[in-house]
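Source file: my_file-v5.txt. Holds: compact mmCIF, C-alpha atoms.
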```
# COMPACT_ATOMS: atom_id res chain seq x y z
CA MET A 30 1.48 17.12 -12.33
CA LEU A 31 -0.62 14.20 -13.56
CA LYS A 32 -4.34 14.31 -14.31
CA ILE A 33 -6.31 11.80 -12.26
CA GLU A 34 -9.18 10.15 -14.13
CA PHE A 35 -11.44 7.54 -12.55
CA ILE A 36 -9.04 5.34 -10.51
CA CYS A 37 -5.29 5.70 -10.83
CA LEU A 38 -2.34 3.86 -9.42
CA VAL A 39 0.56 6.29 -9.01
CA VAL A 40 4.14 5.06 -8.59
CA SER A 41 7.03 7.06 -7.20
CA ARG A 42 9.89 7.14 -9.72
CA ARG A 43 12.32 7.36 -6.78
CA SER A 44 11.08 3.98 -5.56
CA LEU A 45 11.45 2.48 -9.02
CA ASP A 46 14.96 3.89 -9.36
CA ARG A 47 15.81 2.17 -6.09
CA ILE A 48 14.14 -1.21 -6.76
CA TYR A 49 13.44 -1.86 -10.45
CA PRO A 50 16.32 -3.17 -12.63
CA GLY A 51 17.24 -0.28 -14.92
CA GLY A 52 15.22 2.18 -12.84
CA SER A 53 12.12 4.15 -13.74
CA LYS A 54 13.15 4.72 -17.38
CA GLN A 55 13.35 0.97 -17.98
CA PHE A 56 10.07 0.51 -16.11
CA ILE A 57 8.37 2.99 -18.45
CA ASN A 58 9.76 1.16 -21.48
CA ALA A 59 8.57 -2.21 -20.15
CA TRP A 60 5.23 -1.25 -18.56
CA GLY A 61 3.74 1.81 -20.23
CA PRO A 62 1.13 1.61 -21.53
CA PHE A 63 0.28 -1.48 -19.49
CA ASN A 64 -2.23 -3.69 -21.36
CA GLY A 65 -3.48 -0.65 -23.27
CA ARG A 66 -4.42 1.17 -20.07
CA SER A 67 -4.12 4.91 -19.72
CA SER A 68 -0.67 5.86 -18.48
CA ALA A 69 1.35 9.04 -18.08
CA TYR A 70 4.47 10.21 -16.27
CA ASP A 71 6.43 13.27 -15.25
CA ASP A 72 9.84 13.69 -13.60
CA ASP A 73 8.64 12.25 -10.28
CA LEU A 74 5.59 10.05 -10.85
CA ILE A 75 4.14 7.39 -13.15
CA LYS A 76 0.38 6.87 -13.33
CA PHE A 77 -1.81 4.04 -14.59
CA GLY A 78 -5.52 4.74 -14.97
CA ALA A 79 -8.48 2.38 -15.02
CA MET A 80 -12.24 2.40 -14.65
CA ASP A 81 -12.31 -0.89 -12.74
CA THR A 82 -10.84 -1.58 -9.29
CA ALA A 83 -10.01 -5.14 -10.39
CA VAL A 84 -7.48 -3.73 -12.87
CA ILE A 85 -5.90 -1.61 -10.13
CA ASP A 86 -5.84 -4.60 -7.76
CA ASP A 87 -4.02 -6.60 -10.45
CA LEU A 88 -1.47 -3.81 -10.88
CA ILE A 89 -0.96 -3.69 -7.11
CA ARG A 90 -0.21 -7.43 -7.02
CA ARG A 91 2.22 -7.10 -9.94
CA LEU A 92 4.07 -4.15 -8.38
CA GLU A 93 4.29 -5.89 -5.02
CA SER A 94 5.74 -8.97 -6.77
CA LEU A 95 8.56 -6.68 -7.99
CA GLY A 96 9.36 -5.69 -4.39
CA LEU A 97 7.47 -2.41 -4.25
CA VAL A 98 5.43 -1.75 -1.11
CA GLY A 99 1.85 -0.52 -1.33
CA LEU A 100 -0.09 -0.03 1.89
CA SER A 101 1.85 -0.26 5.11
CA LEU A 102 0.64 -0.05 8.69
CA GLU A 103 2.49 2.82 10.39
CA SER A 104 1.62 3.53 14.03
CA GLY A 105 -1.75 1.86 13.53
CA ASN A 106 -2.58 3.89 10.40
CA LYS A 107 -2.57 2.79 6.76
CA GLU A 108 0.00 4.63 4.68
CA TRP A 109 1.13 4.30 1.04
CA LYS A 110 4.86 3.70 0.55
CA ASP A 111 6.17 3.14 -3.03
CA PHE A 112 2.87 3.55 -4.88
CA CYS A 113 -0.62 4.75 -4.08
CA VAL A 114 -4.18 4.63 -5.37
CA VAL A 115 -5.92 7.93 -6.12
CA GLU A 116 -9.56 8.24 -7.12
CA GLU A 117 -10.76 11.17 -9.21
CA LEU A 118 -13.68 12.02 -6.93
CA MET A 119 -12.39 10.70 -3.59
CA GLY A 120 -8.69 11.48 -3.68
CA LEU A 121 -6.28 9.21 -1.80
CA ARG A 122 -7.55 5.96 -0.27
CA ALA A 123 -5.02 6.27 2.57
CA ARG A 124 -2.31 8.65 3.76
CA CYS A 125 0.54 9.30 1.32
CA ASP A 126 3.24 11.81 2.31
CA TRP A 127 4.84 12.02 -1.13
CA ILE A 128 1.68 12.92 -3.12
CA SER A 129 -0.17 16.19 -3.26
CA TYR A 130 -3.73 15.82 -4.62
CA ASP A 131 -5.55 18.89 -5.94
CA ASP A 132 -9.33 18.37 -5.75
CA SER A 133 -10.16 21.35 -7.97
CA GLU A 134 -7.76 20.26 -10.73
CA ARG A 135 -8.19 16.53 -10.07
CA SER A 136 -4.46 16.12 -10.39
CA ALA A 137 -1.58 14.63 -8.43
CA SER A 138 1.95 15.90 -8.08
CA PHE A 139 5.00 15.04 -6.04
CA ALA A 140 4.63 16.73 -2.66
CA ASP A 141 7.02 19.55 -1.83
CA GLY A 142 9.61 18.38 0.66
CA ALA A 143 8.95 14.68 0.07
```

So, in terms of structure tokens, how does the structure I just supplied come out?
Amino acid sequence: MLKIEFICLVVSRRSLDRIYPGGSKQFINAWGPFNGRSSAYDDDLIKFGAMDTAVIDDLIRRLESLGLVGLSLESGNKEWKDFCVVEELMGLRARCDWISYDDSERSASFADGA
């Protein structure tokens, strides 16, 4: 479970293990903390926090340049694939089947059965 503060970009470690050279462990070594930003991870997820959407947008572009997929259009609906954006007060910006967001705890965890 990862605490969500302000705006966070959360990456699935499974996606990184599939796409990133050296997997999620190498990604953590190379990227965390990214430019001094708040970051944390557990067995399933890696989170980057920011107070500015421009920082998150930059992270999105960088992750997509690595081959990770952010928002996808599934059956006419936006859905997060390899990473997602979670806001402390608003929760998920779009559907994400692999994240469980707890409003009362303001935390994200890997969804059961994902």

Point to revise | Within 12 Å of region 95-99 of chain A using only C-alpha atoms, minus same-chain residues under 4 positions, as a ChimeraX atom specification | key: /A:38-50,56,85-86,88-91,107-114,122-125

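Proximity to Ser67 (chain A) was assessed for A:Asp141, A:Asp126, A:Glu117, A:Glu34 counting only C-alpha atoms; the smallest distance is recorded for A:Glu34.
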
**Study point:** Atomic separation - CA of Ile75 (chain A) relative to CA of Gly120 (chain A), Å
**Key:** 16.5 Å

Check your understanding: Which value, in Å to one decimal, gives the distance between CA of Val115 (chain A) and CA of Leu74 (chain A)?
Key ->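 Taking CA of Val115 (chain A) as the start and CA of Leu74 (chain A) as the end point, the length is 12.6 Å.
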
Counting all atoms listed in the file, which residues have an atom no more than 10 Å from (2.5, 17.4, -5.7) in the file's coordinates? Please list them as a PDB file with C-alpha atoms, in the frame of the given file.
```pdb
ATOM      1  CA  MET A  30       1.480  17.120 -12.330  1.00  0.00           C
ATOM      2  CA  LEU A  31      -0.620  14.200 -13.560  1.00  0.00           C
ATOM      3  CA  ASP A  73       8.640  12.250 -10.280  1.00  0.00           C
ATOM      4  CA  LEU A  74       5.590  10.050 -10.850  1.00  0.00           C
ATOM      5  CA  ASP A 126       3.240  11.810   2.310  1.00  0.00           C
ATOM      6  CA  TRP A 127       4.840  12.020  -1.130  1.00  0.00           C
ATOM      7  CA  ILE A 128       1.680  12.920  -3.120  1.00  0.00           C
ATOM      8  CA  SER A 129      -0.170  16.190  -3.260  1.00  0.00           C
ATOM      9  CA  TYR A 130      -3.730  15.820  -4.620  1.00  0.00           C
ATOM     10  CA  ASP A 131      -5.550  18.890  -5.940  1.00  0.00           C
ATOM     11  CA  SER A 136      -4.460  16.120 -10.390  1.00  0.00           C
ATOM     12  CA  ALA A 137      -1.580  14.630  -8.430  1.00  0.00           C
ATOM     13  CA  SER A 138       1.950  15.900  -8.080  1.00  0.00           C
ATOM     14  CA  PHE A 139       5.000  15.040  -6.040  1.00  0.00           C
ATOM     15  CA  ALA A 140       4.630  16.730  -2.660  1.00  0.00           C
ATOM     16  CA  ASP A 141       7.020  19.550  -1.830  1.00  0.00           C
ATOM     17  CA  GLY A 142       9.610  18.380   0.660  1.00  0.00           C
ATOM     18  CA  ALA A 143       8.950  14.680   0.070  1.00  0.00           C
TER      19      ALA A 143
END
```

Review point. What is the CA of Trp60 (chain A)-CA of Cys37 (chain A) distance in Å, reported with one decimal?
Key: 14.8 Å

Check your understanding: Between A:Glu134, A:Lys32, A:Leu121, A:Glu103, which one has atoms that come closest to Ala69 (chain A), using only C-alpha atoms?
Key ->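 Residue with the minimum atom-to-atom distance to Ala69 (chain A): A:Lys32.
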
Review point. Which is closer to Gly78 (chain A) than all the others in A:Gly52, A:Phe35, A:Ser104, A:Leu92, using only C-alpha atoms?
Key: A:Phe35

Study note, to complete from the structure: Residue with the minimum atom-to-atom distance to Glu116 (chain A), picked from A:Ser53, A:Ser133, A:Ser101, A:Thr82 with only C-alpha atoms counted, is A:Thr82

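For the residues A:Asn106, A:Ala79, A:Ile57, A:Arg135, ranking by smallest atom-to-atom distance to Met119 (chain A) using all atoms listed in the file places A:Arg135 first.
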